[in-house]
Each structure stands twice: as structure tokens, then as C-alpha cells.
>>> print(open('coords-v5.cif').read())   # mmCIF, C-alpha atoms
data_run
loop_
_atom_site.label_atom_id
_atom_site.label_comp_id
_atom_site.auth_asym_id
_atom_site.auth_seq_id
_atom_site.Cartn_x
_atom_site.Cartn_y
_atom_site.Cartn_z
CA MET U 19 29.46 -23.32 11.14
CA ALA U 20 30.52 -26.91 11.85
CA ARG U 21 33.48 -28.23 9.89
CA ASN U 22 31.44 -30.90 8.05
CA GLU U 23 28.78 -28.36 7.11
CA ARG U 24 31.45 -25.98 5.80
CA LYS U 25 32.92 -28.74 3.63
CA ARG U 26 29.46 -29.59 2.33
CA GLN U 27 28.80 -25.96 1.40
CA GLN U 28 32.19 -25.72 -0.35
CA LYS U 29 31.45 -28.89 -2.30
CA LEU U 30 28.05 -27.57 -3.36
CA ALA U 31 29.64 -24.29 -4.46
CA ARG U 32 32.17 -26.15 -6.61
CA ARG U 33 29.42 -28.19 -8.24
CA LYS U 34 27.41 -25.04 -8.92
CA LYS U 35 30.45 -23.40 -10.50
CA LYS U 36 31.07 -26.44 -12.72
CA ARG U 37 27.45 -26.50 -13.87
CA ALA U 38 27.58 -22.80 -14.71
CA ALA U 39 30.80 -23.27 -16.67
CA LYS U 40 29.26 -26.18 -18.57
CA ARG U 41 26.20 -24.11 -19.46
CA THR U 42 28.41 -21.25 -20.67
CA GLY U 43 30.50 -23.62 -22.78
CA GLY U 44 27.35 -25.15 -24.26
CA ALA U 45 25.99 -21.72 -25.10
CA ARG U 46 29.25 -20.78 -26.83
CA GLU U 47 29.17 -24.01 -28.83
CA PHE U 48 25.56 -23.37 -29.82
CA THR U 49 26.44 -19.84 -30.93
CA ARG U 50 29.40 -21.12 -32.94
CA ASP U 51 27.26 -23.76 -34.66
CA ALA U 52 24.52 -21.25 -35.40
CA MET U 53 27.05 -18.86 -36.95
CA LEU U 54 28.53 -21.64 -39.09
CA ARG U 55 25.09 -22.67 -40.31
CA ARG U 56 24.23 -19.08 -41.16
CA GLU U 57 27.49 -18.59 -43.06
CA ALA U 58 27.00 -21.83 -44.98
CA ARG U 59 23.44 -20.96 -45.97
CA LEU U 60 24.48 -17.52 -47.19
CA ALA U 61 27.45 -18.91 -49.10
CA SER U 62 25.32 -21.66 -50.69
CA THR U 63 23.75 -19.01 -52.96
CA LEU U 64 27.13 -17.97 -54.37
CA PRO U 65 28.64 -19.38 -57.58
CA VAL U 66 30.54 -22.66 -57.34
CA LEU U 67 34.23 -21.86 -57.64
CA HIS U 68 35.57 -25.39 -57.36
CA CYS U 69 34.38 -28.94 -56.76
CA SER U 70 36.58 -32.02 -56.66
CA ILE U 71 36.76 -35.57 -55.31
CA PRO U 72 39.47 -38.23 -55.09
CA SER U 73 40.00 -40.23 -58.28
CA PRO U 74 38.81 -43.85 -58.40
CA GLU U 75 42.46 -44.92 -58.43
CA HIS U 76 43.14 -42.99 -55.23
CA PHE U 77 40.17 -44.55 -53.49
CA ASP U 78 41.23 -48.00 -54.70
CA ASP U 79 44.70 -47.50 -53.22
CA MET U 80 43.90 -45.61 -50.01
CA GLY U 81 40.21 -46.07 -49.23
CA ILE U 82 39.97 -42.51 -47.94
CA GLY U 83 40.04 -39.06 -49.52
CA THR U 84 38.69 -35.53 -49.48
CA VAL U 85 35.62 -34.08 -51.14
CA ALA U 86 35.97 -30.31 -51.55
CA LEU U 87 33.30 -27.81 -52.54
CA ALA U 88 34.10 -24.08 -52.74
CA ARG U 89 31.81 -21.14 -53.39
CA GLY U 90 32.71 -17.50 -53.78
CA SER U 91 35.23 -15.54 -55.80
CA LEU U 92 39.01 -15.35 -56.06
CA SER U 93 38.64 -11.58 -55.86
CA GLY U 94 36.64 -11.78 -52.64
CA GLU U 95 35.94 -14.40 -49.96
CA VAL U 96 35.74 -18.16 -50.49
CA THR U 97 33.85 -20.66 -48.34
CA VAL U 98 34.96 -24.27 -48.56
CA ALA U 99 33.17 -27.40 -47.37
CA ILE U 100 35.49 -30.35 -46.72
CA PHE U 101 34.43 -33.97 -46.23
CA LEU U 102 36.96 -36.69 -45.42
CA ILE U 103 35.38 -39.81 -46.90
CA ASP U 104 36.30 -43.31 -45.77
CA ILE U 105 34.75 -45.50 -48.47
CA TYR U 106 35.95 -48.69 -46.84
CA CYS U 107 34.08 -48.29 -43.57
CA LEU U 108 33.27 -45.06 -41.71
CA GLY U 109 31.72 -42.83 -44.38
CA VAL U 110 32.16 -39.15 -43.47
CA LYS U 111 35.03 -39.50 -41.00
CA ASP U 112 35.64 -35.76 -40.73
CA ALA U 113 34.03 -32.59 -42.07
CA GLY U 114 34.23 -28.86 -41.72
CA LEU U 115 33.74 -25.40 -43.15
CA LEU U 116 36.55 -23.01 -43.95
CA ARG U 117 36.55 -19.34 -44.98
CA MET U 118 39.51 -17.67 -46.59
CA PRO U 119 40.46 -14.75 -48.83
CA GLY U 120 40.06 -15.71 -52.47
CA HIS U 121 43.73 -15.24 -53.26
CA GLN U 122 44.62 -18.02 -50.77
CA PHE U 123 42.32 -20.58 -52.33
CA PRO U 124 44.56 -21.82 -55.19
CA GLU U 125 47.34 -22.64 -52.72
CA TYR U 126 44.85 -24.37 -50.45
CA ILE U 127 43.53 -26.62 -53.22
CA GLY U 128 47.08 -27.21 -54.39
CA SER U 129 47.89 -28.65 -50.96
CA LEU U 130 45.08 -31.16 -51.41
CA ASP U 131 46.32 -32.13 -54.85
CA MET U 132 49.78 -32.80 -53.41
CA ASN U 133 48.38 -35.42 -51.02
CA GLU U 134 45.73 -37.02 -53.20
CA ASP U 135 45.13 -37.96 -56.82
CA ARG U 136 42.02 -35.88 -57.48
CA GLU U 137 39.54 -35.02 -60.21
CA VAL U 138 37.23 -32.09 -60.81
CA CYS U 139 33.55 -33.07 -60.81
CA GLU U 140 30.07 -31.59 -60.79
CA PRO U 141 28.63 -30.71 -57.36
CA ASP U 142 25.79 -33.22 -57.74
CA CYS U 143 28.28 -36.10 -57.96
CA ALA U 144 30.27 -34.79 -55.00
CA ARG U 145 27.09 -34.66 -52.97
CA LYS U 146 26.09 -38.14 -54.09
CA LEU U 147 29.47 -39.53 -53.01
CA VAL U 148 29.04 -37.93 -49.59
CA LEU U 149 25.45 -39.15 -49.15
CA ASP U 150 26.14 -42.65 -50.44
CA SER U 151 29.08 -42.97 -48.05
CA ILE U 152 26.80 -42.01 -45.17
CA THR U 153 24.26 -44.63 -46.21
CA TYR U 154 26.93 -47.33 -46.42
CA ALA U 155 28.41 -46.42 -43.03
CA SER U 156 24.97 -46.15 -41.44
CA ASN U 157 24.25 -49.76 -42.37
CA LEU U 158 27.40 -50.68 -40.45
CA GLY U 159 26.35 -48.69 -37.40
CA PHE U 160 28.32 -45.46 -37.92
CA THR U 161 27.17 -41.85 -38.10
CA PRO U 162 28.83 -38.95 -39.97
CA HIS U 163 31.18 -36.55 -38.24
CA LYS U 164 29.42 -34.02 -36.01
CA ASP U 165 30.31 -31.07 -38.29
CA TYR U 166 28.80 -32.72 -41.35
CA ARG U 167 25.49 -30.94 -40.90
CA GLN U 168 27.11 -27.53 -41.13
CA ALA U 169 29.39 -28.43 -44.03
CA THR U 170 26.65 -29.99 -46.15
CA LEU U 171 24.64 -26.76 -46.11
CA LEU U 172 27.11 -25.33 -48.62
CA PHE U 173 25.67 -27.65 -51.27
CA GLY U 174 22.46 -25.64 -51.11
CA ASP U 175 19.91 -26.98 -53.60
CA VAL U 176 22.36 -29.26 -55.42
CA ASP U 177 20.47 -32.50 -56.23
CA ALA U 178 22.51 -35.68 -55.82
CA ALA U 179 19.91 -37.58 -57.87
CA SER U 180 21.11 -35.73 -60.97
CA CYS U 181 24.40 -37.64 -60.86
CA ASN U 182 24.45 -40.98 -62.70
CA ARG U 183 27.83 -42.13 -61.36
CA GLU U 184 28.03 -45.16 -59.11
CA PHE U 185 30.47 -45.35 -56.20
CA VAL U 186 31.72 -48.60 -54.72
CA PHE U 187 32.15 -48.98 -50.97
CA GLY U 188 33.91 -51.52 -48.82
CA TYR U 189 36.97 -53.55 -49.71
CA ASN U 190 36.51 -56.77 -51.67
CA GLY U 191 32.86 -56.78 -50.72
CA LYS U 192 33.19 -56.20 -46.98
CA PRO U 193 34.07 -53.36 -44.58
CA LYS U 194 37.72 -52.65 -43.88
CA TYR U 195 38.67 -50.32 -41.03
CA ILE U 196 42.12 -48.73 -41.32
CA SER U 197 42.97 -46.69 -38.24
CA GLY U 198 44.42 -43.24 -38.84
CA PRO U 199 46.97 -41.31 -36.80
CA HIS U 200 44.25 -39.44 -34.90
CA ASP U 201 42.22 -42.54 -33.98
CA ASP U 202 42.80 -43.08 -30.27
CA PRO U 203 42.49 -46.52 -28.63
CA ALA U 204 38.96 -45.80 -27.40
CA MET U 205 37.75 -44.94 -30.91
CA ILE U 206 39.46 -47.98 -32.40
CA GLN U 207 37.77 -50.21 -29.88
CA ARG U 208 34.37 -48.62 -30.57
CA VAL U 209 34.76 -49.21 -34.29
CA ILE U 210 35.78 -52.85 -33.83
CA THR U 211 32.95 -53.48 -31.37
CA THR U 212 30.44 -51.94 -33.77
CA LEU U 213 31.69 -54.01 -36.72
CA GLU U 214 31.59 -57.16 -34.62
CA ARG U 215 27.98 -56.41 -33.71
CA THR U 216 26.73 -55.42 -37.16
CA CYS U 217 28.82 -57.67 -39.38
CA GLY U 218 29.93 -60.61 -37.26
CA SER U 219 33.35 -62.21 -36.90
CA GLY U 220 35.17 -62.82 -40.16
CA ASN U 221 32.98 -60.43 -42.14
CA TYR U 222 35.20 -57.36 -41.81
CA GLU U 223 38.89 -56.44 -41.77
CA VAL U 224 40.89 -54.22 -39.41
CA VAL U 225 44.29 -52.68 -40.10
CA LEU U 226 45.83 -50.83 -37.15
CA GLY U 227 48.51 -48.20 -36.83
CA MET U 228 48.61 -46.89 -40.38
CA SER U 229 48.97 -43.20 -41.32
CA VAL U 230 46.42 -42.80 -44.09
CA ALA U 231 46.80 -40.07 -46.70
CA GLY U 232 44.25 -37.35 -46.06
CA ASP U 233 43.81 -38.23 -42.38
CA ASP U 234 46.17 -35.46 -41.32
CA PHE U 235 44.29 -32.82 -43.27
CA PHE U 236 42.24 -31.21 -40.49
#
>>> encode(input="coords-v5.cif", output="C-alpha cells")
Amino acid sequence: MARNERKRQQKLARRKKKRAAKRTGGAREFTRDAMLRREARLASTLPVLHCSIPSPEHFDDMGIGTVALARGSLSGEVTVAIFLIDIYCLGVKDAGLLRMPGHQFPEYIGSLDMNEDREVCEPDCARKLVLDSITYASNLGFTPHKDYRQATLLFGDVDAASCNREFVFGYNGKPKYISGPHDDPAMIQRVITTLERTCGSGNYEVVLGMSVAGDDFF
């Protein structure tokens, strides 16, 4: 086999191997997502053990905080849905599902209370806060975190329309993006570019390089 042909065959083999690895990784990710969705749907039929959101004062001061919904029992397993809500700009900035033994749950919630001023609320108001934040962010050009769809399944048939509370978004009537410690330069630039496109110069604020309470949670 000629040298050039051998190199070509080796290159094709490497490409084939990469494609196969990518397909395997995608299949694993699909399986993981399917399992999370299944767990969330099953857990959504269990009693609500805990539901809390940041207090209005915390949101006024920080602009970001954690919505937590837990179902299960302290004597068994607990499933927790977590939503990191940026009410100033991005909506659901992070989200996820956690499972833990019931006896670990009080310590877990206690760690949230140490970082945020929080209040217990009904699940319908927690869901409304999450959904309203998505609507606000969507109007600015942002979508919720990729794991939101799994986490929100834990709400089950909770109806956000049953909540009569109103939540205020933005800062002094306009979006304000505060970068967190995990926001890399590429993300920061995407956010600024999006705000420039959807809001226009002078119609939003940007604060860079701040470590925001709650942003280190995940």
C-alpha cells in the first residue's frame, strides 16, 4: 500500500473511531436523561416534604437564589429539585435533581439556609416563580438550563395558576446581568451580545467578576 493511501486509511479509521465514541457518549447521555425523567415522574406522586424559595429581601439584595422542592420521607429516600433563579436577567440559570437518604435532608436544606435568606412556601408559588422567571428571560433571548426539564417534573400536577403572588423581575425596570464565578468569558460575551440585540445599548446593566451567593451551589 502506498504511503499516502496508508495515511488516508489511518485518518479514516480515526474519524470512524471518533464518530463511534460520540454515538456511545450520546447514548449514555440519553440513558441518563431518561432515568432522571423516570425518577422524577415516580417521585412526583410522593408527598411534598419541603418547599422553599428565597425571601423578597434576599432577591432584592442578590438578584439570584435557589428554589427547592423535596418529595419523599425522612425515614426513606428524598428527591429534591433545585432551580437557581436569576430574577435580574437569566431566569433558570441552573437546575438539577438530587436523591439522598432522608436522614441527610435536614443538613442539606440547612446548608441552603446558611447561604440565603429563605422562606417556606406552597409548591404552586415555587412553580410560578420558576415559570415566571423563564418567561421574563425568554423575552430577553435566554432559555432555561438544560436540566430544567428533568427537574420540573418533580412538581407533578402542581398548578402555578393557583398562586396569587406576584414576582418582580429585572433591576430598576431593566435587565441586569451579574456574572458568577462559573461564567466563563464565552458565556459572558454571549449574554452581553444577546442583551445588546434584544434590549439595545443603555437598556441593560452588566456587572462583571462578582461571586454571587448561590452561584457556587451546584
>>> closest_atom_pairs(input="coords-v5.cif", of="stretch 141-200 of chain U", to="stretch 205-218 of chain U", cutoff="12 Å", atoms="only C-alpha atoms", output="Markdown table")
| residue | atom | partner | partner_atom | distance |
| --- | --- | --- | --- | --- |
| U:Ala155 | CA | U:Leu213 | CA | 10.4 |
| U:Ser156 | CA | U:Thr216 | CA | 10.4 |
| U:Asn157 | CA | U:Thr216 | CA | 8.1 |
| U:Leu158 | CA | U:Thr216 | CA | 5.8 |
| U:Gly159 | CA | U:Thr212 | CA | 6.4 |
| U:Phe160 | CA | U:Thr212 | CA | 8.0 |
| U:Thr161 | CA | U:Val209 | CA | 11.2 |
| U:Lys192 | CA | U:Cys217 | CA | 8.9 |
| U:Pro193 | CA | U:Leu213 | CA | 8.2 |
| U:Lys194 | CA | U:Leu213 | CA | 9.5 |
| U:Tyr195 | CA | U:Val209 | CA | 7.9 |
| U:Ile196 | CA | U:Ile206 | CA | 9.3 |
| U:Ser197 | CA | U:Ile206 | CA | 6.9 |
| U:Gly198 | CA | U:Ile206 | CA | 9.4 |
| U:Pro199 | CA | U:Ile206 | CA | 11.0 |
| U:His200 | CA | U:Met205 | CA | 9.4 |
>>> atom_distance(input="coords-v5.cif", atom1="atom CA of U:Tyr154", atom2="atom CA of U:Ile105")
8.3 Å
>>> resolve_selection(input="coords-v5.cif", expression="the PyMOL selection byres ((chain U and resi 131) around 12)", output="list of chain:residue names")
U:Ser70, U:Ile71, U:Pro72, U:Ser73, U:His76, U:Gly83, U:Thr84, U:Val85, U:Ala86, U:Pro124, U:Glu125, U:Tyr126, U:Ile127, U:Gly128, U:Ser129, U:Leu130, U:Met132, U:Asn133, U:Glu134, U:Asp135, U:Arg136, U:Glu137, U:Val138, U:Ala231, U:Gly232, U:Phe235
>>> atom_distance(input="coords-v5.cif", atom1="atom CA of U:Glu57", atom2="atom CA of U:Leu108")
27.1 Å
>>> resolve_selection(input="coords-v5.cif", expression="the PyMOL selection byres ((chain U and resi 62) around 10)", output="PDB file with C-alpha atoms, in the frame of the given file")
ATOM      1  CA  ARG U  56      24.230 -19.080 -41.160  1.00  0.00           C
ATOM      2  CA  GLU U  57      27.490 -18.590 -43.060  1.00  0.00           C
ATOM      3  CA  ALA U  58      27.000 -21.830 -44.980  1.00  0.00           C
ATOM      4  CA  ARG U  59      23.440 -20.960 -45.970  1.00  0.00           C
ATOM      5  CA  LEU U  60      24.480 -17.520 -47.190  1.00  0.00           C
ATOM      6  CA  ALA U  61      27.450 -18.910 -49.100  1.00  0.00           C
ATOM      7  CA  THR U  63      23.750 -19.010 -52.960  1.00  0.00           C
ATOM      8  CA  LEU U  64      27.130 -17.970 -54.370  1.00  0.00           C
ATOM      9  CA  PRO U  65      28.640 -19.380 -57.580  1.00  0.00           C
ATOM     10  CA  VAL U  66      30.540 -22.660 -57.340  1.00  0.00           C
ATOM     11  CA  ALA U  88      34.100 -24.080 -52.740  1.00  0.00           C
ATOM     12  CA  ARG U  89      31.810 -21.140 -53.390  1.00  0.00           C
ATOM     13  CA  GLY U  90      32.710 -17.500 -53.780  1.00  0.00           C
ATOM     14  CA  THR U  97      33.850 -20.660 -48.340  1.00  0.00           C
ATOM     15  CA  THR U 170      26.650 -29.990 -46.150  1.00  0.00           C
ATOM     16  CA  LEU U 171      24.640 -26.760 -46.110  1.00  0.00           C
ATOM     17  CA  LEU U 172      27.110 -25.330 -48.620  1.00  0.00           C
ATOM     18  CA  PHE U 173      25.670 -27.650 -51.270  1.00  0.00           C
ATOM     19  CA  GLY U 174      22.460 -25.640 -51.110  1.00  0.00           C
ATOM     20  CA  ASP U 175      19.910 -26.980 -53.600  1.00  0.00           C
ATOM     21  CA  VAL U 176      22.360 -29.260 -55.420  1.00  0.00           C
TER      22      VAL U 176
END
>>> resolve_selection(input="coords-v5.cif", expression="the PyMOL selection byres ((chain U and resi 151) around 9)", output="list in words")
Ile103, Asp104, Ile105, Cys107, Leu108, Gly109, Val110, Lys146, Leu147, Val148, Leu149, Asp150, Ile152, Thr153, Tyr154, Ala155, Ser156, Phe185 and Phe187 of chain U
>>> write_last_selection(input="coords-v5.cif", atoms="C-alpha atoms", output="CSV table (one decimal), in the coordinates of the input")
chain,number,residue,atom,x,y,z
U,103,ILE,CA,35.4,-39.8,-46.9
U,104,ASP,CA,36.3,-43.3,-45.8
U,105,ILE,CA,34.8,-45.5,-48.5
U,107,CYS,CA,34.1,-48.3,-43.6
U,108,LEU,CA,33.3,-45.1,-41.7
U,109,GLY,CA,31.7,-42.8,-44.4
U,110,VAL,CA,32.2,-39.2,-43.5
U,146,LYS,CA,26.1,-38.1,-54.1
U,147,LEU,CA,29.5,-39.5,-53.0
U,148,VAL,CA,29.0,-37.9,-49.6
U,149,LEU,CA,25.4,-39.2,-49.2
U,150,ASP,CA,26.1,-42.6,-50.4
U,152,ILE,CA,26.8,-42.0,-45.2
U,153,THR,CA,24.3,-44.6,-46.2
U,154,TYR,CA,26.9,-47.3,-46.4
U,155,ALA,CA,28.4,-46.4,-43.0
U,156,SER,CA,25.0,-46.2,-41.4
U,185,PHE,CA,30.5,-45.4,-56.2
U,187,PHE,CA,32.2,-49.0,-51.0
>>> atom_distance(input="coords-v5.cif", atom1="atom CA of U:Tyr189", atom2="atom CA of U:Leu115")
29.1 Å
>>> closest_residue(input="coords-v5.cif", among="U:Cys143, U:Cys69, U:Ala52, U:Val96", to="U:Gly120", atoms="only C-alpha atoms")
U:Val96
>>> axis_aligned_box(input="coords-v5.cif", around="stretch 184-201 of chain U", padding_each_side="6 Å", output="lines of an AutoDock Vina configuration file")
center_x = 37.5
center_y = -48.1
center_z = -46.5
size_x = 30.9
size_y = 29.3
size_z = 37.1
